[in-house]
>>> print(open('data_36.txt').read())   # compact mmCIF, C-alpha atoms and all ligand atoms
# COMPACT_ATOMS: atom_id res chain seq x y z
CA MET U 23 84.51 86.76 176.85
CA ARG U 24 83.70 83.33 175.36
CA LYS U 25 82.49 81.07 178.13
CA GLY U 26 82.86 77.28 178.36
CA ALA U 27 85.15 77.12 175.30
CA GLU U 28 87.53 74.19 174.88
CA LYS U 29 89.90 76.07 172.62
CA PRO U 30 91.63 79.34 173.40
CA TYR U 31 90.08 82.39 171.76
CA TYR U 32 92.41 85.17 170.63
CA GLY U 33 89.90 87.71 169.44
CA PHE U 34 87.51 88.66 166.75
CA ASN U 35 88.84 88.33 163.19
CA ALA U 36 88.37 91.99 162.28
CA VAL U 37 90.86 92.04 159.37
CA ARG U 38 88.97 89.30 157.50
CA TYR U 39 85.55 90.89 158.14
CA ILE U 40 86.78 94.23 156.80
CA THR U 41 88.05 92.48 153.63
CA PHE U 42 84.76 90.61 153.12
CA ALA U 43 82.67 93.73 153.75
CA SER U 44 84.68 95.96 151.41
CA VAL U 45 85.12 93.44 148.54
CA GLY U 46 81.58 92.03 148.96
CA ILE U 47 79.78 95.38 148.93
CA GLY U 48 82.07 96.52 146.07
CA ILE U 49 81.05 93.47 143.99
CA ILE U 50 77.33 94.02 144.69
CA ILE U 51 77.58 97.68 143.65
CA LEU U 52 79.62 96.77 140.53
CA ALA U 53 76.99 94.16 139.59
CA ALA U 54 74.33 96.86 139.85
CA ALA U 55 76.51 99.15 137.70
CA ILE U 56 76.84 96.43 135.01
CA ILE U 57 73.04 95.90 134.97
CA PHE U 58 72.45 99.67 134.72
CA THR U 59 75.03 99.90 131.90
CA ILE U 60 73.50 97.02 129.93
CA SER U 61 70.06 98.55 130.29
CA ALA U 62 71.53 101.88 129.14
CA TYR U 63 70.34 103.47 132.36
CA LEU U 64 72.78 106.33 132.08
CA THR U 65 72.34 108.63 135.01
CA TRP U 66 74.49 109.90 137.86
CA VAL U 67 73.40 106.74 139.76
CA LEU U 68 75.23 104.61 137.20
CA ILE U 69 78.44 106.67 137.46
CA LEU U 70 78.21 106.62 141.25
CA CYS U 71 77.83 102.82 141.23
CA TRP U 72 80.95 102.32 139.05
CA VAL U 73 83.06 104.71 141.11
CA LEU U 74 81.92 103.46 144.54
CA GLY U 75 82.00 99.80 143.51
CA LEU U 76 85.54 100.07 142.11
CA ILE U 77 86.81 102.03 145.12
CA LEU U 78 85.40 99.48 147.60
CA PHE U 79 86.60 96.49 145.59
CA ILE U 80 90.14 97.82 145.10
CA ALA U 81 90.38 99.03 148.71
CA GLY U 82 89.25 95.60 149.98
CA MET U 83 91.81 93.77 147.80
CA LEU U 84 94.63 96.10 148.86
CA TRP U 85 93.62 95.72 152.53
CA HIS U 86 93.76 91.95 152.09
CA LEU U 87 97.19 92.05 150.43
CA PHE U 88 98.70 94.32 153.07
CA MET U 89 96.87 93.11 156.19
CA GLY U 90 95.60 89.60 155.40
CA PHE U 91 98.55 87.99 157.23
CA ALA U 92 97.17 89.32 160.55
CA SER U 93 94.14 87.04 160.32
CA ASN U 94 95.53 84.14 158.31
CA PRO U 95 95.94 81.08 160.63
CA LYS U 96 98.86 79.82 158.50
CA ASP U 97 100.76 83.11 158.80
CA ILE U 98 99.95 83.39 162.53
CA GLU U 99 101.33 79.86 163.04
CA THR U 100 104.46 80.67 160.97
CA ILE U 101 105.13 83.80 163.03
CA LYS U 102 104.52 81.94 166.31
CA ARG U 103 106.94 79.14 165.36
CA ASP U 104 109.60 81.60 164.21
CA PHE U 105 109.14 83.67 167.39
CA LEU U 106 109.74 80.65 169.64
CA ASN U 107 112.71 79.42 167.54
CA TYR U 108 114.37 82.80 167.61
CA LEU U 109 113.72 83.17 171.34
CA GLU U 110 115.32 79.78 172.00
CA GLY U 111 118.51 81.08 170.42
CA ILE U 112 118.81 84.17 172.62
CA TRP U 113 117.38 83.14 176.02
CA ASP U 114 117.98 80.21 178.41
CA GLY U 115 114.28 79.71 179.25
CA LYS U 116 114.57 80.46 182.95
CA GLY U 117 113.09 83.20 185.08
CA LYS U 118 110.45 85.89 185.10
CA VAL U 119 109.04 87.01 181.76
CA LEU U 120 106.97 90.05 180.82
CA ASP U 121 104.84 90.17 177.66
CA ILE U 122 103.98 93.83 176.98
CA GLY U 123 100.59 94.35 175.29
CA THR U 124 99.69 90.69 175.68
CA GLY U 125 96.17 91.05 174.25
CA SER U 126 94.40 87.74 174.86
CA GLY U 127 97.69 86.19 175.96
CA ARG U 128 98.73 84.39 172.79
CA ILE U 129 102.50 84.96 173.10
CA ALA U 130 102.58 84.83 176.92
CA ILE U 131 100.83 81.45 176.87
CA GLU U 132 103.05 80.05 174.08
CA VAL U 133 106.16 81.08 176.00
CA ALA U 134 104.83 79.45 179.20
CA LYS U 135 104.04 76.25 177.23
CA HIS U 136 107.40 76.17 175.46
CA PHE U 137 109.63 77.07 178.42
CA PRO U 138 108.54 75.06 181.50
CA GLU U 139 110.85 77.03 183.83
CA ALA U 140 109.41 80.41 182.86
CA GLN U 141 107.06 82.46 185.07
CA VAL U 142 105.15 84.72 182.71
CA ILE U 143 103.20 87.94 183.28
CA GLY U 144 101.10 89.25 180.42
CA MET U 145 100.39 92.98 180.73
CA ASP U 146 98.03 95.06 178.66
CA ILE U 147 96.05 98.26 178.86
CA TRP U 148 92.88 96.39 177.70
CA SER U 149 91.17 99.56 176.55
CA LYS U 150 87.46 99.57 175.61
CA GLY U 151 88.34 99.70 171.90
CA TRP U 152 90.35 96.47 172.04
CA ARG U 153 87.72 94.79 174.25
CA PHE U 154 85.33 95.27 171.34
CA PHE U 155 87.60 92.92 169.35
CA GLY U 156 87.46 90.27 172.09
CA ILE U 157 90.79 91.25 173.65
CA ALA U 158 90.34 91.28 177.42
CA LYS U 159 92.10 90.25 180.65
CA GLU U 160 89.41 87.66 181.51
CA GLN U 161 89.85 86.14 178.05
CA ALA U 162 93.64 85.90 178.51
CA GLU U 163 93.12 84.23 181.90
CA ALA U 164 90.59 81.79 180.44
CA ASN U 165 93.02 80.95 177.59
CA ALA U 166 95.85 80.25 180.06
CA GLY U 167 93.45 77.93 181.95
CA ILE U 168 92.47 76.09 178.75
CA GLU U 169 96.17 75.64 177.90
CA ASN U 170 96.96 74.45 181.47
CA VAL U 171 99.57 77.10 182.15
CA ASP U 172 97.56 79.31 184.53
CA ASN U 173 99.92 78.33 187.39
CA ARG U 174 102.85 80.00 185.52
CA CYS U 175 101.11 82.56 183.33
CA VAL U 176 99.18 85.42 184.94
CA PHE U 177 97.87 88.75 183.69
CA GLN U 178 98.02 92.29 185.00
CA GLN U 179 96.65 95.59 183.73
CA GLY U 180 99.12 98.38 182.95
CA SER U 181 100.42 100.70 180.27
CA ALA U 182 103.61 100.14 178.31
CA LEU U 183 104.43 103.80 178.93
CA ASP U 184 104.49 103.51 182.72
CA MET U 185 104.58 99.89 183.79
CA PRO U 186 103.54 98.78 187.28
CA PHE U 187 106.82 96.87 187.83
CA GLU U 188 110.09 97.44 189.68
CA ASP U 189 113.37 98.22 187.92
CA GLY U 190 115.14 95.03 186.85
CA GLU U 191 112.26 92.68 187.72
CA PHE U 192 112.37 90.45 184.61
CA GLN U 193 114.86 88.11 182.98
CA LEU U 194 113.04 88.48 179.67
CA VAL U 195 110.81 91.23 178.26
CA LEU U 196 108.81 90.47 175.12
CA SER U 197 106.29 92.20 172.95
CA SER U 198 104.53 91.33 169.71
CA PHE U 199 102.80 93.80 167.38
CA VAL U 200 102.20 96.44 170.07
CA PHE U 201 104.67 99.33 169.77
CA HIS U 202 103.24 100.52 166.44
CA GLU U 203 99.83 100.86 168.14
CA ILE U 204 101.09 103.42 170.65
CA GLY U 205 100.78 106.98 169.42
CA ILE U 206 103.39 109.03 171.23
CA PRO U 207 105.84 111.54 169.70
CA ASP U 208 108.85 109.20 170.06
CA ARG U 209 108.24 105.45 170.38
CA THR U 210 111.79 104.75 171.56
CA GLU U 211 110.38 105.88 174.93
CA ILE U 212 108.54 102.52 175.01
CA PHE U 213 111.89 100.75 174.57
CA LYS U 214 113.29 102.86 177.42
CA GLU U 215 110.46 101.78 179.76
CA ALA U 216 110.79 98.12 178.67
CA ILE U 217 114.55 98.18 179.33
CA ARG U 218 113.99 99.70 182.79
CA VAL U 219 112.22 96.55 184.04
CA ILE U 220 114.84 94.08 182.67
CA ALA U 221 117.38 92.65 185.11
CA GLN U 222 121.06 93.27 184.32
CA GLY U 223 122.13 90.72 181.73
CA GLY U 224 118.46 90.02 180.94
CA THR U 225 117.04 89.83 177.42
CA PHE U 226 114.46 91.69 175.38
CA MET U 227 112.84 90.71 172.12
CA ILE U 228 110.33 92.96 170.38
CA LEU U 229 108.48 91.81 167.28
CA ASP U 230 106.73 94.54 165.36
CA THR U 231 106.35 96.44 162.11
CA PHE U 232 109.25 98.85 161.70
CA ARG U 233 108.08 100.67 158.59
CA PRO U 234 107.64 103.58 158.58
CA LEU U 235 110.19 104.59 161.21
CA ASN U 236 109.11 108.20 161.74
CA GLY U 237 107.29 107.18 164.95
CA TYR U 238 110.75 106.46 166.37
CA LYS U 239 112.15 109.79 165.19
CA VAL U 240 114.90 108.10 163.17
CA LYS U 241 115.71 107.88 159.46
CA ASN U 242 116.83 104.26 159.30
CA VAL U 243 117.24 101.04 161.26
CA PRO U 244 120.93 101.57 162.30
CA GLU U 245 119.89 104.93 163.81
CA LEU U 246 117.08 103.20 165.71
CA LEU U 247 119.45 100.52 167.04
CA ASP U 248 121.94 103.21 168.12
CA LYS U 249 119.19 105.00 170.01
CA ILE U 250 118.14 101.80 171.79
CA GLU U 251 121.77 100.99 172.66
CA LYS U 252 122.05 104.36 174.39
CA TYR U 253 119.32 103.19 176.83
CA GLY U 254 121.83 100.74 178.31
CA VAL U 255 121.64 97.62 176.19
CA GLU U 256 124.32 95.73 174.33
CA ASN U 257 124.39 93.39 171.39
CA VAL U 258 121.27 95.02 169.88
CA LYS U 259 120.16 93.00 166.86
CA TYR U 260 117.62 93.55 164.12
CA ARG U 261 116.21 90.53 162.30
CA ASN U 262 113.88 91.25 159.44
CA LEU U 263 111.49 88.35 158.75
CA LYS U 264 111.68 88.83 154.99
CA GLU U 265 115.48 88.76 154.97
CA ALA U 266 115.33 85.67 157.22
CA SER U 267 113.14 84.03 154.51
CA VAL U 268 110.06 83.72 156.72
CA ARG U 269 107.25 83.30 154.19
CA LEU U 270 104.09 85.30 154.82
CA GLY U 271 101.08 85.78 152.56
CA GLY U 272 100.25 88.85 150.46
CA ILE U 273 102.66 91.76 150.81
CA ALA U 274 102.93 91.56 154.61
CA HIS U 275 106.68 92.21 154.38
CA PHE U 276 105.93 95.72 153.15
CA TRP U 277 105.55 96.63 156.85
CA GLY U 278 109.13 95.70 157.71
CA ILE U 279 108.16 93.02 160.23
CA ALA U 280 111.22 92.38 162.38
CA TYR U 281 112.58 91.51 165.81
CA ILE U 282 114.71 93.89 167.77
CA SER U 283 116.50 92.08 170.56
CA GLY U 284 119.35 92.69 172.96
CA LYS U 285 120.76 92.23 176.45
CA LYS U 286 120.62 94.77 179.23
CA ALA U 287 124.15 95.79 180.09
CA GLY U 288 125.53 94.38 183.32
CA ASN U 289 126.14 91.03 184.98
CA GLN U 290 124.10 87.91 184.35
CA ALA U 291 120.52 88.19 185.72
C1 LIG Z 301 97.72 94.01 167.74
S1 LIG Z 301 97.39 93.67 169.43
C2 LIG Z 301 98.67 92.48 169.79
C3 LIG Z 301 98.28 91.53 170.88
C4 LIG Z 301 99.30 90.43 171.20
N1 LIG Z 301 100.58 90.98 171.59
C5 LIG Z 301 99.45 89.46 170.06
O1 LIG Z 301 100.52 89.44 169.41
O2 LIG Z 301 98.50 88.70 169.79
C6 LIG Z 301 97.96 95.15 170.23
C7 LIG Z 301 97.79 95.12 171.73
O3 LIG Z 301 98.47 96.24 172.27
C8 LIG Z 301 97.76 96.67 173.41
N2 LIG Z 301 98.14 98.05 173.77
C9 LIG Z 301 97.93 99.17 173.04
N3 LIG Z 301 98.43 100.24 173.70
C10 LIG Z 301 98.98 99.77 174.85
C11 LIG Z 301 99.66 100.37 175.94
N4 LIG Z 301 99.87 101.71 175.98
N5 LIG Z 301 100.08 99.60 176.94
C12 LIG Z 301 99.89 98.26 176.92
N6 LIG Z 301 99.26 97.62 175.91
C13 LIG Z 301 98.80 98.37 174.88
C14 LIG Z 301 96.31 96.54 172.98
O4 LIG Z 301 95.45 96.53 174.09
C15 LIG Z 301 96.35 95.21 172.22
O5 LIG Z 301 96.06 94.13 173.06
>>> encode(input="data_36.txt", output="structure tokens")
Amino acid sequence: MRKGAEKPYYGFNAVRYITFASVGIGIIILAAAIIFTISAYLTWVLILCWVLGLILFIAGMLWHLFMGFASNPKDIETIKRDFLNYLEGIWDGKGKVLDIGTGSGRIAIEVAKHFPEAQVIGMDIWSKGWRFFGIAKEQAEANAGIENVDNRCVFQQGSALDMPFEDGEFQLVLSSFVFHEIGIPDRTEIFKEAIRVIAQGGTFMILDTFRPLNGYKVKNVPELLDKIEKYGVENVKYRNLKEASVRLGGIAHFWGIAYISGKKAGNQA
């Protein structure tokens, strides 16, 4: 964890480092290949340099095009603003909120800042792997302190597959870029568990990449929405960021970034 920081820290910028490493090493190897070619140093080393250099360079550029949005401050800000705007339209801002897979608390903290009547819990598994990238409970707590919302935004360890909460405990359940990380045979099970902890009439809003969909054992989006509806929710909506004209860099929209939201069937929470 970063100590004594004045700004919140949301983790190590792994996407950018991978781009720099791949493109940078690719360029160095290609430069060596050009020198070997000019000096007519035609051996297997020369061929290896061209092949390896090109592979690394192209892989780094593709990685940047597909994944660059995840580390671009402008895209992160765009997504954050759109998330809060969309949430304003579907939720009244009052009550207990759960952010599943909160990481270092970015969304949980933004929701607490934006909705002064919200009591937010950020939950995450905080596995060793993610800790390596600076994503940890202590970091989330420190960030909430820096943003002055630690009286309404707390953090608790738990898995999205079996959450340490009672049925119907929350007026709002959120998640951002988490479900695709969870490798189980059918990811709609995560929706099922999320819906369990929502109060009747309460809201859920999941932002994630919904391409490909085979992790949800469905062929298309309407099939996925049908499946979710069967878990006891109504008014299930899908809002694709590309179709909503949210501009992101590179070819981020390839991943089908979208919100799935709805209301748990029953009376008002
Ligand atoms: C890409 S990060 C997203 C973090 C945060 N939601 C955000 O938007 O900044 C994915 C997060 O999912 C969490 N995660 C992965 N599997 C989980 C599980 N089974 N239960 C809860 N959290 C999980 C990871 O620990 C990590 O913090």
>>> closest_residue(input="data_36.txt", among="U:Asp146, U:Asp172, U:Glu256, U:Glu28", to="Gly223 (chain U)", atoms="only C-alpha atoms")
U:Glu256
>>> closest_atom_pairs(input="data_36.txt", of="chain U", to="ligand LIG 301 (chain Z)", cutoff="7 Å", atoms="all atoms listed in the file", output="JSON lines")
{"residue": "U:Ile122", "atom": "CA", "partner": "Z:LIG301", "partner_atom": "C12", "distance": 6.0}
{"residue": "U:Gly123", "atom": "CA", "partner": "Z:LIG301", "partner_atom": "N6", "distance": 3.6}
{"residue": "U:Thr124", "atom": "CA", "partner": "Z:LIG301", "partner_atom": "N1", "distance": 4.2}
{"residue": "U:Gly125", "atom": "CA", "partner": "Z:LIG301", "partner_atom": "O5", "distance": 3.3}
{"residue": "U:Ser126", "atom": "CA", "partner": "Z:LIG301", "partner_atom": "O2", "distance": 6.6}
{"residue": "U:Gly127", "atom": "CA", "partner": "Z:LIG301", "partner_atom": "C4", "distance": 6.6}
{"residue": "U:Arg128", "atom": "CA", "partner": "Z:LIG301", "partner_atom": "O2", "distance": 5.3}
{"residue": "U:Ile129", "atom": "CA", "partner": "Z:LIG301", "partner_atom": "O1", "distance": 6.1}
{"residue": "U:Met145", "atom": "CA", "partner": "Z:LIG301", "partner_atom": "C12", "distance": 6.5}
{"residue": "U:Asp146", "atom": "CA", "partner": "Z:LIG301", "partner_atom": "N6", "distance": 4.0}
{"residue": "U:Ile147", "atom": "CA", "partner": "Z:LIG301", "partner_atom": "C12", "distance": 4.3}
{"residue": "U:Trp148", "atom": "CA", "partner": "Z:LIG301", "partner_atom": "O4", "distance": 4.4}
{"residue": "U:Ser149", "atom": "CA", "partner": "Z:LIG301", "partner_atom": "O4", "distance": 5.8}
{"residue": "U:Trp152", "atom": "CA", "partner": "Z:LIG301", "partner_atom": "O4", "distance": 5.5}
{"residue": "U:Ile157", "atom": "CA", "partner": "Z:LIG301", "partner_atom": "O5", "distance": 6.0}
{"residue": "U:Gly180", "atom": "CA", "partner": "Z:LIG301", "partner_atom": "C12", "distance": 6.1}
{"residue": "U:Ser181", "atom": "CA", "partner": "Z:LIG301", "partner_atom": "N5", "distance": 3.5}
{"residue": "U:Ala182", "atom": "CA", "partner": "Z:LIG301", "partner_atom": "N5", "distance": 3.8}
{"residue": "U:Leu183", "atom": "CA", "partner": "Z:LIG301", "partner_atom": "N4", "distance": 5.8}
{"residue": "U:Ser197", "atom": "CA", "partner": "Z:LIG301", "partner_atom": "N1", "distance": 6.0}
{"residue": "U:Ser198", "atom": "CA", "partner": "Z:LIG301", "partner_atom": "N1", "distance": 4.4}
{"residue": "U:Phe199", "atom": "CA", "partner": "Z:LIG301", "partner_atom": "C2", "distance": 5.0}
{"residue": "U:Val200", "atom": "CA", "partner": "Z:LIG301", "partner_atom": "O3", "distance": 4.3}
{"residue": "U:Glu203", "atom": "CA", "partner": "Z:LIG301", "partner_atom": "C9", "distance": 5.5}
{"residue": "U:Ile204", "atom": "CA", "partner": "Z:LIG301", "partner_atom": "N3", "distance": 5.1}
>>> residues_around(input="data_36.txt", residues="Val176 (chain U)", least_positions_apart="6", cutoff="7 Å", atoms="only C-alpha atoms", output="list in words")
Val142, Ile143, Gly144 and Glu163 of chain U
>>> residues_around(input="data_36.txt", residues="region 40-46 of chain U", least_positions_apart="6", cutoff="12 Å", atoms="all atoms listed in the file", output="PDB file with C-alpha atoms, in the coordinates of the input")
ATOM      1  CA  PHE U  34      87.510  88.660 166.750  1.00  0.00           C
ATOM      2  CA  LEU U  52      79.620  96.770 140.530  1.00  0.00           C
ATOM      3  CA  ALA U  53      76.990  94.160 139.590  1.00  0.00           C
ATOM      4  CA  LEU U  74      81.920 103.460 144.540  1.00  0.00           C
ATOM      5  CA  GLY U  75      82.000  99.800 143.510  1.00  0.00           C
ATOM      6  CA  LEU U  76      85.540 100.070 142.110  1.00  0.00           C
ATOM      7  CA  ILE U  77      86.810 102.030 145.120  1.00  0.00           C
ATOM      8  CA  LEU U  78      85.400  99.480 147.600  1.00  0.00           C
ATOM      9  CA  PHE U  79      86.600  96.490 145.590  1.00  0.00           C
ATOM     10  CA  ILE U  80      90.140  97.820 145.100  1.00  0.00           C
ATOM     11  CA  ALA U  81      90.380  99.030 148.710  1.00  0.00           C
ATOM     12  CA  GLY U  82      89.250  95.600 149.980  1.00  0.00           C
ATOM     13  CA  MET U  83      91.810  93.770 147.800  1.00  0.00           C
ATOM     14  CA  LEU U  84      94.630  96.100 148.860  1.00  0.00           C
ATOM     15  CA  TRP U  85      93.620  95.720 152.530  1.00  0.00           C
ATOM     16  CA  HIS U  86      93.760  91.950 152.090  1.00  0.00           C
ATOM     17  CA  LEU U  87      97.190  92.050 150.430  1.00  0.00           C
ATOM     18  CA  PHE U  88      98.700  94.320 153.070  1.00  0.00           C
ATOM     19  CA  MET U  89      96.870  93.110 156.190  1.00  0.00           C
ATOM     20  CA  GLY U  90      95.600  89.600 155.400  1.00  0.00           C
ATOM     21  CA  PHE U  91      98.550  87.990 157.230  1.00  0.00           C
ATOM     22  CA  ALA U  92      97.170  89.320 160.550  1.00  0.00           C
ATOM     23  CA  SER U  93      94.140  87.040 160.320  1.00  0.00           C
TER      24      SER U  93
END
>>> residues_around(input="data_36.txt", residues="Gly254 (chain U)", least_positions_apart="2", cutoff="7 Å", atoms="all atoms listed in the file", output="compact mmCIF listing (two decimals) with C-alpha atoms, keeping the file's coordinate frame")
# COMPACT_ATOMS: atom_id res chain seq x y z
CA GLU U 251 121.77 100.99 172.66
CA LYS U 252 122.05 104.36 174.39
CA GLU U 256 124.32 95.73 174.33
CA LYS U 286 120.62 94.77 179.23
CA ALA U 287 124.15 95.79 180.09
>>> residues_near_point(input="data_36.txt", point="(112.4, 84.7, 159.6)", cutoff="10 Å", atoms="all atoms listed in the file", output="VMD selection string")
chain U and resid 100 to 101 103 to 105 107 to 108 261 to 270 279 to 281
>>> atom_distance(input="data_36.txt", atom1="CA of Ala166 (chain U)", atom2="CA of Ile282 (chain U)")
26.3 Å
>>> closest_residue(input="data_36.txt", among="U:Lys214, U:Glu110, U:Arg209, U:Phe276", to="Lys239 (chain U)", atoms="all atoms listed in the file")
U:Arg209
>>> decode(input="data_36.txt", residues="region 25-94 of chain U", atoms="C-alpha atoms", output="PDB file, in the first residue's frame")
ATOM      1  CA  LYS U  25       1.591   5.369   2.603  1.00  0.00           C
ATOM      2  CA  GLY U  26       1.147   9.087   3.304  1.00  0.00           C
ATOM      3  CA  ALA U  27      -0.279   9.777  -0.186  1.00  0.00           C
ATOM      4  CA  GLU U  28      -2.483  12.817  -0.743  1.00  0.00           C
ATOM      5  CA  LYS U  29      -4.181  11.372  -3.795  1.00  0.00           C
ATOM      6  CA  PRO U  30      -6.042   8.080  -3.986  1.00  0.00           C
ATOM      7  CA  TYR U  31      -4.100   5.255  -5.617  1.00  0.00           C
ATOM      8  CA  TYR U  32      -6.049   2.759  -7.705  1.00  0.00           C
ATOM      9  CA  GLY U  33      -3.303   0.333  -8.591  1.00  0.00           C
ATOM     10  CA  PHE U  34      -0.296  -0.283 -10.691  1.00  0.00           C
ATOM     11  CA  ASN U  35      -0.674   0.613 -14.387  1.00  0.00           C
ATOM     12  CA  ALA U  36       0.032  -2.891 -15.684  1.00  0.00           C
ATOM     13  CA  VAL U  37      -1.618  -2.423 -19.110  1.00  0.00           C
ATOM     14  CA  ARG U  38       0.664   0.496 -19.995  1.00  0.00           C
ATOM     15  CA  TYR U  39       3.819  -1.279 -18.760  1.00  0.00           C
ATOM     16  CA  ILE U  40       2.998  -4.346 -20.859  1.00  0.00           C
ATOM     17  CA  THR U  41       2.570  -2.102 -23.944  1.00  0.00           C
ATOM     18  CA  PHE U  42       5.868  -0.295 -23.305  1.00  0.00           C
ATOM     19  CA  ALA U  43       7.750  -3.541 -22.649  1.00  0.00           C
ATOM     20  CA  SER U  44       6.417  -5.328 -25.734  1.00  0.00           C
ATOM     21  CA  VAL U  45       6.720  -2.405 -28.205  1.00  0.00           C
ATOM     22  CA  GLY U  46      10.022  -1.186 -26.682  1.00  0.00           C
ATOM     23  CA  ILE U  47      11.782  -4.556 -26.765  1.00  0.00           C
ATOM     24  CA  GLY U  48      10.316  -5.179 -30.245  1.00  0.00           C
ATOM     25  CA  ILE U  49      11.815  -1.894 -31.515  1.00  0.00           C
ATOM     26  CA  ILE U  50      15.235  -2.667 -29.981  1.00  0.00           C
ATOM     27  CA  ILE U  51      15.286  -6.123 -31.596  1.00  0.00           C
ATOM     28  CA  LEU U  52      14.106  -4.695 -34.954  1.00  0.00           C
ATOM     29  CA  ALA U  53      16.874  -2.060 -34.786  1.00  0.00           C
ATOM     30  CA  ALA U  54      19.395  -4.861 -34.273  1.00  0.00           C
ATOM     31  CA  ALA U  55      17.851  -6.737 -37.224  1.00  0.00           C
ATOM     32  CA  ILE U  56      18.211  -3.639 -39.467  1.00  0.00           C
ATOM     33  CA  ILE U  57      21.886  -3.238 -38.458  1.00  0.00           C
ATOM     34  CA  PHE U  58      22.543  -6.947 -39.117  1.00  0.00           C
ATOM     35  CA  THR U  59      20.777  -6.667 -42.507  1.00  0.00           C
ATOM     36  CA  ILE U  60      22.746  -3.578 -43.559  1.00  0.00           C
ATOM     37  CA  SER U  61      25.985  -5.263 -42.574  1.00  0.00           C
ATOM     38  CA  ALA U  62      24.879  -8.334 -44.546  1.00  0.00           C
ATOM     39  CA  TYR U  63      25.212 -10.419 -41.410  1.00  0.00           C
ATOM     40  CA  LEU U  64      22.940 -13.127 -42.734  1.00  0.00           C
ATOM     41  CA  THR U  65      22.625 -15.843 -40.171  1.00  0.00           C
ATOM     42  CA  TRP U  66      19.819 -17.447 -38.186  1.00  0.00           C
ATOM     43  CA  VAL U  67      20.369 -14.649 -35.618  1.00  0.00           C
ATOM     44  CA  LEU U  68      19.247 -12.100 -38.209  1.00  0.00           C
ATOM     45  CA  ILE U  69      16.091 -14.069 -39.082  1.00  0.00           C
ATOM     46  CA  LEU U  70      15.334 -14.580 -35.400  1.00  0.00           C
ATOM     47  CA  CYS U  71      15.691 -10.840 -34.747  1.00  0.00           C
ATOM     48  CA  TRP U  72      13.235  -9.917 -37.546  1.00  0.00           C
ATOM     49  CA  VAL U  73      10.675 -12.512 -36.476  1.00  0.00           C
ATOM     50  CA  LEU U  74      10.893 -11.826 -32.727  1.00  0.00           C
ATOM     51  CA  GLY U  75      11.053  -8.049 -33.173  1.00  0.00           C
ATOM     52  CA  LEU U  76       7.997  -7.995 -35.451  1.00  0.00           C
ATOM     53  CA  ILE U  77       6.004 -10.329 -33.195  1.00  0.00           C
ATOM     54  CA  LEU U  78       6.715  -8.220 -30.084  1.00  0.00           C
ATOM     55  CA  PHE U  79       6.065  -4.933 -31.862  1.00  0.00           C
ATOM     56  CA  ILE U  80       2.769  -6.051 -33.426  1.00  0.00           C
ATOM     57  CA  ALA U  81       1.620  -7.778 -30.222  1.00  0.00           C
ATOM     58  CA  GLY U  82       2.363  -4.609 -28.211  1.00  0.00           C
ATOM     59  CA  MET U  83       0.446  -2.394 -30.665  1.00  0.00           C
ATOM     60  CA  LEU U  84      -2.542  -4.754 -30.721  1.00  0.00           C
ATOM     61  CA  TRP U  85      -2.513  -4.961 -26.906  1.00  0.00           C
ATOM     62  CA  HIS U  86      -2.551  -1.163 -26.787  1.00  0.00           C
ATOM     63  CA  LEU U  87      -5.444  -0.904 -29.263  1.00  0.00           C
ATOM     64  CA  PHE U  88      -7.566  -3.485 -27.466  1.00  0.00           C
ATOM     65  CA  MET U  89      -6.605  -2.808 -23.833  1.00  0.00           C
ATOM     66  CA  GLY U  90      -5.197   0.731 -23.735  1.00  0.00           C
ATOM     67  CA  PHE U  91      -8.525   2.156 -22.492  1.00  0.00           C
ATOM     68  CA  ALA U  92      -8.038   0.304 -19.174  1.00  0.00           C
ATOM     69  CA  SER U  93      -5.062   2.485 -18.284  1.00  0.00           C
ATOM     70  CA  ASN U  94      -5.901   5.701 -20.113  1.00  0.00           C
TER      71      ASN U  94
END
